[in-house]
Every structure is written in C-alpha cells, then in structure tokens.
Amino acid sequence: MRKQSRALEGALLGKSQLKKKVAQIVLAQGNIFIKGLLRSNNVSIGNTKADFAENLNAGIDAGVLTQAVIEAWLGEIEGWGNQHVYLFEPPSISRTRVRPALEASKHVGLLDRKVSYEFPDTLTLSTITFLGDHLSIAWHRSRGGWERAKSKDFRRDEGPDCFEYRAYRERFDRSVVRFEWRPGDPYCAIMVQLPNEGDEHTQALGRVWQDLKELGLARSPLTKIRLGSAFKRLSRKTDATVQSTRLVTQGGHVELVSTLSGGGIDAVAAVREVRRGVEDASFATADGMFSFTAEKYKQLSRTIKMEGYGLESRLRIWVQCKRDDVYTILSVIWSNNAP
C-alpha cells in the first residue's frame with residue numbers, strides 16, 4: 001500500500017483532495033454511520049455505496065461537507081468498535097503535566113492533530129489530542145489491498161491473439177490502535193483493531209508502551225486491570241442480555257448458554273435457576289457473551305454485542321460504533337468490577 005504524502009497532513013485540503021480522502025477513508029466506514037453523516041448535514045443519502053460516494057462529493061462541492069465536518073465525524077467513528085479493549089491503571093503523571101510532557105517530546109508535531117490521512121505499512125503513531133479532560137492517541141496501519149471487480153473485466157483481440165483482462169479495484173482500509181485516558185477515570189484503555197492472532201496484540205501493546213515512554217507519559221508498561229469480576233456479575237444481572245457465560249475455576253469450568261435468538265440465559269427458566277444457584281466466590285474468573293441494547297441504554301447509537309475474556313482481562317466489541325458507545329459500555333463494565 002502506498003503511503004500518503006505528509007504534505008497534506010494538518011493542511012487545508014482543496015475539494016478535489018478532500019474527495020480523494022473521502023473515497024479512501026470515509027467510504028470504508030459502516031453504512032449506517034455514513035448515512036448519519038449525510039443525514040445530519042441535510043445531504044441526500046441514497047441506498048448504495050455508489051450513491052453515498054456521489055452524494056458525499058455533492059456535499060463537498062456545495063460547501064456543506066467541509067474538511068472540519070468530516071474530520072470531526074471521523075474522530076467519532078474511525079477506530080471505535082470492532083476492536084479488542086484492555087483496561088489499565090492510569091498513568092501516574094498529573095493532568096497538569098500532560099501537555100508540557102507532550103510538548104517536550106519528539107512527537108510534538110502530532111499534538112492536536114485530530115485526523116491522519118496516512119496508510120502506513122507498519123503500525124505508526126499518527127495523532128495526539130489532549131483537551132484537558134481527555135487524552136486520545138492513535139496509531140494506524142494499512143490493511144488495504146485489491147478486490148475483484150468482475151464488471152470491469154473485458155477481452156480484446158490483437159491480431160490472431162485474444163487477451164482477457166481481469167480487473168481488480170484498489171481497496172483502502174486501515175486498522176487503528178488507540179490509547180484513551182480521561183484523567184477523571186480510574187482506568188485508561190488500549191483499544192486494538194487487530195486480530196488476536198499470534199503476537200499481533202503483544203507487538204501492538206509494545207509499540208504503545210514505547211511511544212508512551214517517548215511522550216513522557218509512562219516510564220514502563222501500565223498495570224492491567226483484571227475484569228473477571230465484572231463478567232461474573234454481568235452474567236447474573238440485567239445490565240445486559242447474557243447469551244452465554246463460562247465460569248472458570250482451577251481444574252474445570254461451568255458453561256451456561258442460551259440458544260434463543262431473541263433472549264439470553266435469563267429467558268430460559270431452568271438455565272436461569274442454575275445460574276442463580278451458582279456461588280460466584282467459588283470461581284476465579286468468567287468469560288461471557290453479552291448484548292447491551294439500545295432500548296435499555298438510550299445513549300447508545302445501536303445495540304452493542306460484546307464478549308468478555310476474564311483470564312485475559314480483555315473484552316471484544318463486535319460491531320462498529322461511536323466513541324460515546326464505547327465509553328458507555330466501559331462504564332457498565334467498570335461499575336460491575338468492584339472487588
């Protein structure tokens with residue numbers, strides 16, 4: 001994947017340049033969010049990606065979808081959801097020392113840079129935003145490629161020979177890793193949009209720790225917060241629909257599962273009674289599959305499906321969502337994670 005020019009970073013883009021970035025980045029986001037961008041700015045929506053692209057360009061030409069509007073939207077959408085989340089104890093640095101530390105680091109040029117348009121081949125520190133009550137740091141890595149576009153295939157005769165051309169469309173996409181810390185919270189989070197395969201997460205976390213040290217925010221890796229208690233409590237409460245729970249102890253585990261399409265284990269009387277009869281203190285940790293519905297949590301933009309892994313102190317959000325959605329889920333997790 002070709003790297004994008006740094007000359008465009010932090011600069012005001014012309015309409016043609018902005019349209020190119022929209023094609024590369026905005027159209028890679030979920031359809032429901034692109035519709036939301038168009039709808040909230042009174043731009044015609046359409047039904048297909050082709051319609052979205054045409055209407056986004058029309059909105060740019062009309063001066064409605066400005067660079068500032070699109071960048072603010074991307075900040076809420078890109079890199080939120082479809083990710084793994086780890087919680088850590090917050091850095092020991094005081095809030096008042098964060099900005100001076102960032103300004104004194106070699107990465108000061110990225111400070112207050114809210115959006116990156118790059119597609120780096122390796123995980124690369126790309127944006128740093130600090131608003132006093134919220135520190136957000138992002139890394140990007142390209143994961144684009146080529147996909148078949150059969151409608152563009154064609155044949156051509158050249159003398160006695162016939163040639164068949166098979167078309168591929170270049171696809172731009174990228175993974176995002178985030179370090180998020182609101183100094184008022186008793187935790188910070190690292191959010192990883194990379195598969196949990198091999199040493200992918202180990203390498204990503206290593207890169208985060210290295211850059212946080214260079215930024216003067218943490219001298220060493222922060223302490224991971226155990227989340228098994230939260231997943232145990234959630235499996236017996238009504239904060240979420242519990243599709244399954246796996247209670248783990250040394251030498252064995254107990255697993256309870258609902259096979260209903262529209263309900264969790266609480267909707268199955270026999271399974272519900274078994275869960276109520278299990279003593280949580282007998283188990284060291286728990287895993288589980290949970291759904292947080294938009295009907296119950298009005299602040300959610302959509303229903304969020306989440307999987308918790310107690311032994312790894314990791315949670316997996318299975319759908320793309322917004323920044324506030326992720327923080328709503330984390331607040332529920334935290335409220336259930338008291339000792």
# chains A, B, ... in the order shown; residues from 1 in each chain; ligands from 1

call {"tool": "residues_around", "arguments": {"residues": "Ala284 of chain A", "least_positions_apart": "3", "cutoff": "12 Å", "atoms": "only C-alpha atoms", "output": "list in words"}}
result
Arg226, Leu227, Gly228, Ser229, Ala230, Phe231, Lys232, Arg246, Leu247, Val248, Thr249, Gln250, Gly251, Gly252, His253, Val254, Glu279, Asp280, Ala281, Asp287, Gly310 and Leu311 of chain A

call {"tool": "write_last_selection", "arguments": {"atoms": "C-alpha atoms", "output": "compact mmCIF listing (two decimals), in the first residue's frame"}}
result
# COMPACT_ATOMS: atom_id res chain seq x y z
CA ARG A 226 -8.48 -7.70 35.93
CA LEU A 227 -12.04 -7.86 34.57
CA GLY A 228 -13.18 -11.34 35.66
CA SER A 229 -15.33 -9.95 38.49
CA ALA A 230 -17.23 -7.74 36.04
CA PHE A 231 -18.01 -10.64 33.74
CA LYS A 232 -19.19 -12.79 36.66
CA ARG A 246 -18.39 -19.58 31.34
CA LEU A 247 -17.36 -19.68 35.00
CA VAL A 248 -13.79 -20.87 35.45
CA THR A 249 -12.04 -22.43 38.43
CA GLN A 250 -8.85 -24.43 38.79
CA GLY A 251 -9.40 -27.80 37.18
CA GLY A 252 -12.68 -27.07 35.45
CA HIS A 253 -15.43 -24.74 34.36
CA VAL A 254 -19.22 -24.41 34.17
CA GLU A 279 -21.78 -19.32 44.09
CA ASP A 280 -19.57 -16.77 42.32
CA ALA A 281 -16.89 -16.89 45.01
CA ASP A 287 -15.99 -15.29 30.24
CA GLY A 310 -11.76 -12.94 32.18
CA LEU A 311 -8.46 -14.81 32.13

call {"tool": "closest_atom_pairs", "arguments": {"of": "segment 38-94 of chain A", "to": "segment 212-216 of chain A", "cutoff": "12 Å", "atoms": "only C-alpha atoms", "output": "Markdown table"}}
result
| residue | atom | partner | partner_atom | distance |
| --- | --- | --- | --- | --- |
| A:Pro91 | CA | A:Leu212 | CA | 9.8 |
| A:Ser92 | CA | A:Gly216 | CA | 11.0 |
| A:Ile93 | CA | A:Gly216 | CA | 8.8 |
| A:Ser94 | CA | A:Gly216 | CA | 11.6 |

call {"tool": "residues_around", "arguments": {"residues": "Met289 of chain A", "least_positions_apart": "3", "cutoff": "9 Å", "atoms": "only C-alpha atoms", "output": "VMD selection string"}}
result
chain A and resid 235 241 to 245 305 to 308

call {"tool": "select_by_dssp", "arguments": {"residues": "segment 140-283 of chain A", "states": "alpha helix (DSSP H)", "output": "PyMOL selection string"}}
result
chain A and resi 200-214+228-234+269-277

call {"tool": "residues_around", "arguments": {"residues": "Ile128 of chain A", "least_positions_apart": "4", "cutoff": "6 Å", "atoms": "only C-alpha atoms", "output": "list of chain:residue names"}}
result
A:Leu110, A:Leu111, A:Asp112, A:Arg113, A:Ser136, A:Ile137

call {"tool": "residues_around", "arguments": {"residues": "Pro90 of chain A", "least_positions_apart": "6", "cutoff": "9 Å", "atoms": "only C-alpha atoms", "output": "list in words"}}
result
Trp181, Arg182, Pro183, Asp185, Pro186, Tyr187, Cys188, Ala189, Leu222 and Thr223 of chain A

call {"tool": "write_last_selection", "arguments": {"atoms": "C-alpha atoms", "output": "CSV table (one decimal), in the first residue's frame"}}
result
chain,number,residue,atom,x,y,z
A,181,TRP,CA,-7.5,8.3,29.0
A,182,ARG,CA,-9.9,10.6,30.7
A,183,PRO,CA,-7.9,11.8,33.8
A,185,ASP,CA,-11.5,8.0,35.3
A,186,PRO,CA,-9.8,5.3,37.5
A,187,TYR,CA,-8.6,3.5,34.3
A,188,CYS,CA,-7.2,4.1,30.9
A,189,ALA,CA,-7.8,1.9,27.8
A,222,LEU,CA,1.0,0.2,33.0
A,223,THR,CA,-0.7,-2.5,35.2

call {"tool": "closest_residue", "arguments": {"among": "A:Arg233, A:Lys296, A:Arg174, A:Lys114", "to": "Ser335 of chain A", "atoms": "only C-alpha atoms"}}
result
A:Arg233

call {"tool": "residues_around", "arguments": {"residues": "segment 150-156 of chain A", "least_positions_apart": "2", "cutoff": "6 Å", "atoms": "only C-alpha atoms", "output": "JSON, numbers by chain"}}
result
{"A": [148, 162, 163, 164, 165, 166, 167]}

call {"tool": "closest_residue", "arguments": {"among": "A:Phe33, A:Tyr117, A:Phe88, A:Trp209", "to": "Lys20 of chain A", "atoms": "only C-alpha atoms"}}
result
A:Tyr117

call {"tool": "atom_distance", "arguments": {"atom1": "atom CA of Tyr327 of chain A", "atom2": "atom CA of Ala72 of chain A"}}
result
17.6 Å

call {"tool": "residues_around", "arguments": {"residues": "Ala50 of chain A", "least_positions_apart": "4", "cutoff": "12 Å", "atoms": "only C-alpha atoms", "output": "PDB file with N, CA and C atoms, in the first residue's frame"}}
result
ATOM      1  N   ALA A  23     -13.059   9.124  -0.499  1.00  0.00           N
ATOM      2  CA  ALA A  23     -13.104   7.835  -1.187  1.00  0.00           C
ATOM      3  C   ALA A  23     -12.239   6.796  -0.490  1.00  0.00           C
ATOM      4  N   LEU A  27     -15.568   6.219   2.979  1.00  0.00           N
ATOM      5  CA  LEU A  27     -16.389   5.153   2.425  1.00  0.00           C
ATOM      6  C   LEU A  27     -16.030   3.779   2.978  1.00  0.00           C
ATOM      7  N   ASN A  31     -22.016   1.633   6.741  1.00  0.00           N
ATOM      8  CA  ASN A  31     -23.071   2.346   6.015  1.00  0.00           C
ATOM      9  C   ASN A  31     -23.957   3.183   6.918  1.00  0.00           C
ATOM     10  N   ILE A  34     -22.209   6.434   7.655  1.00  0.00           N
ATOM     11  CA  ILE A  34     -22.142   7.331   6.503  1.00  0.00           C
ATOM     12  C   ILE A  34     -23.510   7.980   6.295  1.00  0.00           C
ATOM     13  N   ILE A  45     -29.128  11.012   0.780  1.00  0.00           N
ATOM     14  CA  ILE A  45     -28.430   9.813   1.246  1.00  0.00           C
ATOM     15  C   ILE A  45     -28.234   8.797   0.140  1.00  0.00           C
ATOM     16  N   GLY A  46     -29.314   8.236  -0.396  1.00  0.00           N
ATOM     17  CA  GLY A  46     -29.210   7.165  -1.383  1.00  0.00           C
ATOM     18  C   GLY A  46     -29.245   5.808  -0.707  1.00  0.00           C
ATOM     19  N   GLU A  54     -21.399   9.524  -4.454  1.00  0.00           N
ATOM     20  CA  GLU A  54     -21.875  10.640  -5.279  1.00  0.00           C
ATOM     21  C   GLU A  54     -22.407  11.771  -4.408  1.00  0.00           C
ATOM     22  N   ASN A  55     -23.164  11.419  -3.369  1.00  0.00           N
ATOM     23  CA  ASN A  55     -23.764  12.450  -2.523  1.00  0.00           C
ATOM     24  C   ASN A  55     -22.740  13.113  -1.605  1.00  0.00           C
ATOM     25  N   LEU A  56     -21.739  12.351  -1.165  1.00  0.00           N
ATOM     26  CA  LEU A  56     -20.652  12.962  -0.392  1.00  0.00           C
ATOM     27  C   LEU A  56     -19.921  13.997  -1.230  1.00  0.00           C
ATOM     28  N   ASN A  57     -19.634  13.653  -2.479  1.00  0.00           N
ATOM     29  CA  ASN A  57     -18.959  14.599  -3.372  1.00  0.00           C
ATOM     30  C   ASN A  57     -19.819  15.836  -3.621  1.00  0.00           C
TER      31      ASN A  57
END

call {"tool": "closest_residue", "arguments": {"among": "A:Leu315, A:Ala53, A:Leu13, A:Val22", "to": "Asn82 of chain A", "atoms": "only C-alpha atoms"}}
result
A:Leu315

call {"tool": "closest_residue", "arguments": {"among": "A:Ala204, A:Ile32, A:Val43, A:Ala62", "to": "Lys322 of chain A", "atoms": "only C-alpha atoms"}}
result
A:Ile32

call {"tool": "select_by_dssp", "arguments": {"residues": "segment 225-295 of chain A", "states": "strand (DSSP E)", "output": "PyMOL selection string"}}
result
chain A and resi 241-249+252-257+285-292

call {"tool": "write_last_selection", "arguments": {"atoms": "N, CA, C and O atoms", "output": "PDB file, in the first residue's frame"}}
result
ATOM      1  N   THR A 241     -28.078  -8.438  28.116  1.00  0.00           N
ATOM      2  CA  THR A 241     -28.605  -9.754  27.761  1.00  0.00           C
ATOM      3  C   THR A 241     -27.426 -10.707  27.693  1.00  0.00           C
ATOM      4  O   THR A 241     -26.472 -10.484  26.942  1.00  0.00           O
ATOM      5  N   VAL A 242     -27.483 -11.765  28.502  1.00  0.00           N
ATOM      6  CA  VAL A 242     -26.356 -12.696  28.604  1.00  0.00           C
ATOM      7  C   VAL A 242     -26.621 -13.897  27.706  1.00  0.00           C
ATOM      8  O   VAL A 242     -27.460 -14.745  28.008  1.00  0.00           O
ATOM      9  N   GLN A 243     -25.926 -13.962  26.581  1.00  0.00           N
ATOM     10  CA  GLN A 243     -26.104 -15.089  25.663  1.00  0.00           C
ATOM     11  C   GLN A 243     -25.410 -16.335  26.196  1.00  0.00           C
ATOM     12  O   GLN A 243     -25.890 -17.454  26.029  1.00  0.00           O
ATOM     13  N   SER A 244     -24.267 -16.133  26.847  1.00  0.00           N
ATOM     14  CA  SER A 244     -23.552 -17.277  27.433  1.00  0.00           C
ATOM     15  C   SER A 244     -22.640 -16.785  28.535  1.00  0.00           C
ATOM     16  O   SER A 244     -22.218 -15.624  28.554  1.00  0.00           O
ATOM     17  N   THR A 245     -22.323 -17.676  29.454  1.00  0.00           N
ATOM     18  CA  THR A 245     -21.341 -17.377  30.490  1.00  0.00           C
ATOM     19  C   THR A 245     -20.557 -18.648  30.780  1.00  0.00           C
ATOM     20  O   THR A 245     -21.094 -19.761  30.732  1.00  0.00           O
ATOM     21  N   ARG A 246     -19.289 -18.464  31.055  1.00  0.00           N
ATOM     22  CA  ARG A 246     -18.385 -19.582  31.342  1.00  0.00           C
ATOM     23  C   ARG A 246     -17.638 -19.231  32.618  1.00  0.00           C
ATOM     24  O   ARG A 246     -16.790 -18.350  32.628  1.00  0.00           O
ATOM     25  N   LEU A 247     -17.973 -19.923  33.701  1.00  0.00           N
ATOM     26  CA  LEU A 247     -17.360 -19.679  34.999  1.00  0.00           C
ATOM     27  C   LEU A 247     -16.198 -20.646  35.177  1.00  0.00           C
ATOM     28  O   LEU A 247     -16.363 -21.859  35.051  1.00  0.00           O
ATOM     29  N   VAL A 248     -15.020 -20.090  35.484  1.00  0.00           N
ATOM     30  CA  VAL A 248     -13.790 -20.872  35.453  1.00  0.00           C
ATOM     31  C   VAL A 248     -13.181 -20.981  36.845  1.00  0.00           C
ATOM     32  O   VAL A 248     -13.076 -19.987  37.577  1.00  0.00           O
ATOM     33  N   THR A 249     -12.783 -22.193  37.203  1.00  0.00           N
ATOM     34  CA  THR A 249     -12.042 -22.434  38.431  1.00  0.00           C
ATOM     35  C   THR A 249     -10.896 -23.381  38.115  1.00  0.00           C
ATOM     36  O   THR A 249     -10.838 -23.959  37.013  1.00  0.00           O
ATOM     37  N   GLY A 252     -11.429 -26.903  36.157  1.00  0.00           N
ATOM     38  CA  GLY A 252     -12.679 -27.075  35.446  1.00  0.00           C
ATOM     39  C   GLY A 252     -13.430 -25.787  35.222  1.00  0.00           C
ATOM     40  O   GLY A 252     -12.994 -24.697  35.610  1.00  0.00           O
ATOM     41  N   HIS A 253     -14.594 -25.900  34.596  1.00  0.00           N
ATOM     42  CA  HIS A 253     -15.433 -24.736  34.362  1.00  0.00           C
ATOM     43  C   HIS A 253     -16.888 -25.166  34.210  1.00  0.00           C
ATOM     44  O   HIS A 253     -17.190 -26.333  33.963  1.00  0.00           O
ATOM     45  N   VAL A 254     -17.785 -24.208  34.384  1.00  0.00           N
ATOM     46  CA  VAL A 254     -19.215 -24.408  34.174  1.00  0.00           C
ATOM     47  C   VAL A 254     -19.647 -23.440  33.084  1.00  0.00           C
ATOM     48  O   VAL A 254     -19.337 -22.249  33.145  1.00  0.00           O
ATOM     49  N   GLU A 255     -20.368 -23.949  32.082  1.00  0.00           N
ATOM     50  CA  GLU A 255     -20.799 -23.096  30.981  1.00  0.00           C
ATOM     51  C   GLU A 255     -22.315 -23.146  30.833  1.00  0.00           C
ATOM     52  O   GLU A 255     -22.914 -24.222  30.799  1.00  0.00           O
ATOM     53  N   LEU A 256     -22.933 -21.979  30.765  1.00  0.00           N
ATOM     54  CA  LEU A 256     -24.370 -21.848  30.583  1.00  0.00           C
ATOM     55  C   LEU A 256     -24.617 -21.047  29.316  1.00  0.00           C
ATOM     56  O   LEU A 256     -24.024 -19.982  29.130  1.00  0.00           O
ATOM     57  N   VAL A 257     -25.517 -21.550  28.470  1.00  0.00           N
ATOM     58  CA  VAL A 257     -25.729 -20.939  27.162  1.00  0.00           C
ATOM     59  C   VAL A 257     -27.212 -20.860  26.850  1.00  0.00           C
ATOM     60  O   VAL A 257     -27.969 -21.804  27.141  1.00  0.00           O
ATOM     61  N   THR A 285     -12.720 -16.656  37.809  1.00  0.00           N
ATOM     62  CA  THR A 285     -12.990 -15.665  36.773  1.00  0.00           C
ATOM     63  C   THR A 285     -14.120 -16.161  35.885  1.00  0.00           C
ATOM     64  O   THR A 285     -14.698 -17.223  36.131  1.00  0.00           O
ATOM     65  N   ALA A 286     -14.433 -15.400  34.858  1.00  0.00           N
ATOM     66  CA  ALA A 286     -15.518 -15.777  33.963  1.00  0.00           C
ATOM     67  C   ALA A 286     -15.315 -15.165  32.589  1.00  0.00           C
ATOM     68  O   ALA A 286     -14.654 -14.129  32.431  1.00  0.00           O
ATOM     69  N   ASP A 287     -15.877 -15.830  31.588  1.00  0.00           N
ATOM     70  CA  ASP A 287     -15.990 -15.288  30.239  1.00  0.00           C
ATOM     71  C   ASP A 287     -17.482 -15.095  29.966  1.00  0.00           C
ATOM     72  O   ASP A 287     -18.328 -15.532  30.748  1.00  0.00           O
ATOM     73  N   GLY A 288     -17.807 -14.470  28.857  1.00  0.00           N
ATOM     74  CA  GLY A 288     -19.219 -14.345  28.542  1.00  0.00           C
ATOM     75  C   GLY A 288     -19.471 -13.580  27.265  1.00  0.00           C
ATOM     76  O   GLY A 288     -18.616 -12.820  26.785  1.00  0.00           O
ATOM     77  N   MET A 289     -20.666 -13.802  26.698  1.00  0.00           N
ATOM     78  CA  MET A 289     -21.132 -13.059  25.533  1.00  0.00           C
ATOM     79  C   MET A 289     -22.331 -12.232  25.968  1.00  0.00           C
ATOM     80  O   MET A 289     -23.308 -12.782  26.498  1.00  0.00           O
ATOM     81  N   PHE A 290     -22.259 -10.915  25.758  1.00  0.00           N
ATOM     82  CA  PHE A 290     -23.277 -10.007  26.270  1.00  0.00           C
ATOM     83  C   PHE A 290     -23.758  -9.066  25.166  1.00  0.00           C
ATOM     84  O   PHE A 290     -22.992  -8.710  24.267  1.00  0.00           O
ATOM     85  N   SER A 291     -25.032  -8.656  25.272  1.00  0.00           N
ATOM     86  CA  SER A 291     -25.572  -7.643  24.378  1.00  0.00           C
ATOM     87  C   SER A 291     -26.136  -6.500  25.211  1.00  0.00           C
ATOM     88  O   SER A 291     -26.903  -6.726  26.146  1.00  0.00           O
ATOM     89  N   PHE A 292     -25.735  -5.288  24.865  1.00  0.00           N
ATOM     90  CA  PHE A 292     -26.240  -4.081  25.512  1.00  0.00           C
ATOM     91  C   PHE A 292     -27.178  -3.412  24.513  1.00  0.00           C
ATOM     92  O   PHE A 292     -26.730  -2.915  23.469  1.00  0.00           O
TER      93      PHE A 292
END

call {"tool": "closest_residue", "arguments": {"among": "A:Phe179, A:Gly36, A:Pro120, A:Asp211", "to": "His107 of chain A", "atoms": "only C-alpha atoms"}}
result
A:Asp211

call {"tool": "atom_distance", "arguments": {"atom1": "atom CA of Asp173 of chain A", "atom2": "atom CA of Gln193 of chain A"}}
result
11.8 Å

call {"tool": "atom_distance", "arguments": {"atom1": "atom CA of Gly109 of chain A", "atom2": "atom CA of Glu78 of chain A"}}
result
21.4 Å

call {"tool": "closest_residue", "arguments": {"among": "A:His201, A:Arg236, A:Arg316, A:Arg97", "to": "Ile304 of chain A", "atoms": "only C-alpha atoms"}}
result
A:Arg316

call {"tool": "decode", "arguments": {"residues": "segment 102-125 of chain A", "atoms": "N, CA, C and O atoms", "output": "mmCIF file, in the first residue's frame"}}
result
data_model
loop_
_atom_site.group_PDB
_atom_site.id
_atom_site.type_symbol
_atom_site.label_atom_id
_atom_site.label_comp_id
_atom_site.auth_asym_id
_atom_site.auth_seq_id
_atom_site.Cartn_x
_atom_site.Cartn_y
_atom_site.Cartn_z
ATOM 1 N N LEU A 102 3.964 16.319 26.515
ATOM 2 C CA LEU A 102 3.760 16.121 25.081
ATOM 3 C C LEU A 102 4.531 17.149 24.269
ATOM 4 O O LEU A 102 5.140 16.830 23.246
ATOM 5 N N GLU A 103 4.516 18.386 24.734
ATOM 6 C CA GLU A 103 5.197 19.458 24.008
ATOM 7 C C GLU A 103 6.716 19.309 24.046
ATOM 8 O O GLU A 103 7.412 19.796 23.155
ATOM 9 N N ALA A 104 7.222 18.621 25.068
ATOM 10 C CA ALA A 104 8.668 18.432 25.195
ATOM 11 C C ALA A 104 9.151 17.182 24.458
ATOM 12 O O ALA A 104 10.365 16.965 24.345
ATOM 13 N N SER A 105 8.232 16.377 23.947
ATOM 14 C CA SER A 105 8.612 15.118 23.299
ATOM 15 C C SER A 105 8.962 15.337 21.833
ATOM 16 O O SER A 105 8.643 16.362 21.240
ATOM 17 N N LYS A 106 9.585 14.327 21.244
ATOM 18 C CA LYS A 106 9.937 14.416 19.819
ATOM 19 C C LYS A 106 8.720 14.284 18.912
ATOM 20 O O LYS A 106 8.813 14.501 17.701
ATOM 21 N N HIS A 107 7.560 13.925 19.511
ATOM 22 C CA HIS A 107 6.335 13.783 18.725
ATOM 23 C C HIS A 107 5.436 15.009 18.837
ATOM 24 O O HIS A 107 4.246 14.941 18.526
ATOM 25 N N VAL A 108 5.984 16.134 19.244
ATOM 26 C CA VAL A 108 5.179 17.342 19.447
ATOM 27 C C VAL A 108 4.456 17.756 18.168
ATOM 28 O O VAL A 108 3.385 18.362 18.208
ATOM 29 N N GLY A 109 5.011 17.413 17.014
ATOM 30 C CA GLY A 109 4.378 17.773 15.743
ATOM 31 C C GLY A 109 3.040 17.110 15.521
ATOM 32 O O GLY A 109 2.255 17.551 14.674
ATOM 33 N N LEU A 110 2.753 16.042 16.282
ATOM 34 C CA LEU A 110 1.472 15.341 16.148
ATOM 35 C C LEU A 110 0.432 15.856 17.134
ATOM 36 O O LEU A 110 -0.738 15.470 17.060
ATOM 37 N N LEU A 111 0.847 16.722 18.047
ATOM 38 C CA LEU A 111 -0.070 17.221 19.077
ATOM 39 C C LEU A 111 -1.177 18.060 18.445
ATOM 40 O O LEU A 111 -0.915 18.925 17.607
ATOM 41 N N ASP A 112 -2.395 17.779 18.871
ATOM 42 C CA ASP A 112 -3.604 18.455 18.380
ATOM 43 C C ASP A 112 -3.902 18.133 16.923
ATOM 44 O O ASP A 112 -4.691 18.808 16.274
ATOM 45 N N ARG A 113 -3.278 17.103 16.424
ATOM 46 C CA ARG A 113 -3.606 16.588 15.085
ATOM 47 C C ARG A 113 -4.703 15.542 15.261
ATOM 48 O O ARG A 113 -4.477 14.470 15.788
ATOM 49 N N LYS A 114 -5.909 15.859 14.838
ATOM 50 C CA LYS A 114 -7.072 15.033 15.164
ATOM 51 C C LYS A 114 -7.278 13.881 14.196
ATOM 52 O O LYS A 114 -7.852 12.855 14.556
ATOM 53 N N VAL A 115 -6.878 14.058 12.940
ATOM 54 C CA VAL A 115 -7.121 13.038 11.924
ATOM 55 C C VAL A 115 -5.863 12.828 11.100
ATOM 56 O O VAL A 115 -5.167 13.783 10.738
ATOM 57 N N SER A 116 -5.560 11.571 10.807
ATOM 58 C CA SER A 116 -4.478 11.234 9.896
ATOM 59 C C SER A 116 -5.081 10.701 8.606
ATOM 60 O O SER A 116 -6.077 9.984 8.622
ATOM 61 N N TYR A 117 -4.458 11.043 7.484
ATOM 62 C CA TYR A 117 -4.907 10.524 6.190
ATOM 63 C C TYR A 117 -3.936 9.474 5.650
ATOM 64 O O TYR A 117 -4.003 9.080 4.492
ATOM 65 N N GLU A 118 -3.028 9.010 6.493
ATOM 66 C CA GLU A 118 -1.980 8.099 6.047
ATOM 67 C C GLU A 118 -2.427 6.643 6.077
ATOM 68 O O GLU A 118 -3.325 6.259 6.811
ATOM 69 N N PHE A 119 -1.732 5.828 5.260
ATOM 70 C CA PHE A 119 -1.907 4.383 5.239
ATOM 71 C C PHE A 119 -0.532 3.733 5.392
ATOM 72 O O PHE A 119 -0.005 3.130 4.458
ATOM 73 N N PRO A 120 0.086 3.838 6.564
ATOM 74 C CA PRO A 120 1.450 3.303 6.735
ATOM 75 C C PRO A 120 1.459 1.774 6.706
ATOM 76 O O PRO A 120 0.491 1.123 7.103
ATOM 77 N N ASP A 121 2.559 1.223 6.257
ATOM 78 C CA ASP A 121 2.677 -0.228 6.157
ATOM 79 C C ASP A 121 2.845 -0.891 7.528
ATOM 80 O O ASP A 121 2.527 -2.067 7.692
ATOM 81 N N THR A 122 3.392 -0.157 8.492
ATOM 82 C CA THR A 122 3.549 -0.679 9.846
ATOM 83 C C THR A 122 2.797 0.225 10.819
ATOM 84 O O THR A 122 2.509 1.380 10.503
ATOM 85 N N LEU A 123 2.494 -0.305 11.985
ATOM 86 C CA LEU A 123 1.747 0.465 12.974
ATOM 87 C C LEU A 123 2.538 1.721 13.332
ATOM 88 O O LEU A 123 3.661 1.647 13.815
ATOM 89 N N THR A 124 1.919 2.879 13.104
ATOM 90 C CA THR A 124 2.626 4.149 13.212
ATOM 91 C C THR A 124 1.825 5.153 14.033
ATOM 92 O O THR A 124 0.626 5.333 13.806
ATOM 93 N N LEU A 125 2.491 5.803 14.985
ATOM 94 C CA LEU A 125 1.862 6.867 15.760
ATOM 95 C C LEU A 125 1.436 7.971 14.798
ATOM 96 O O LEU A 125 2.228 8.463 14.000
#
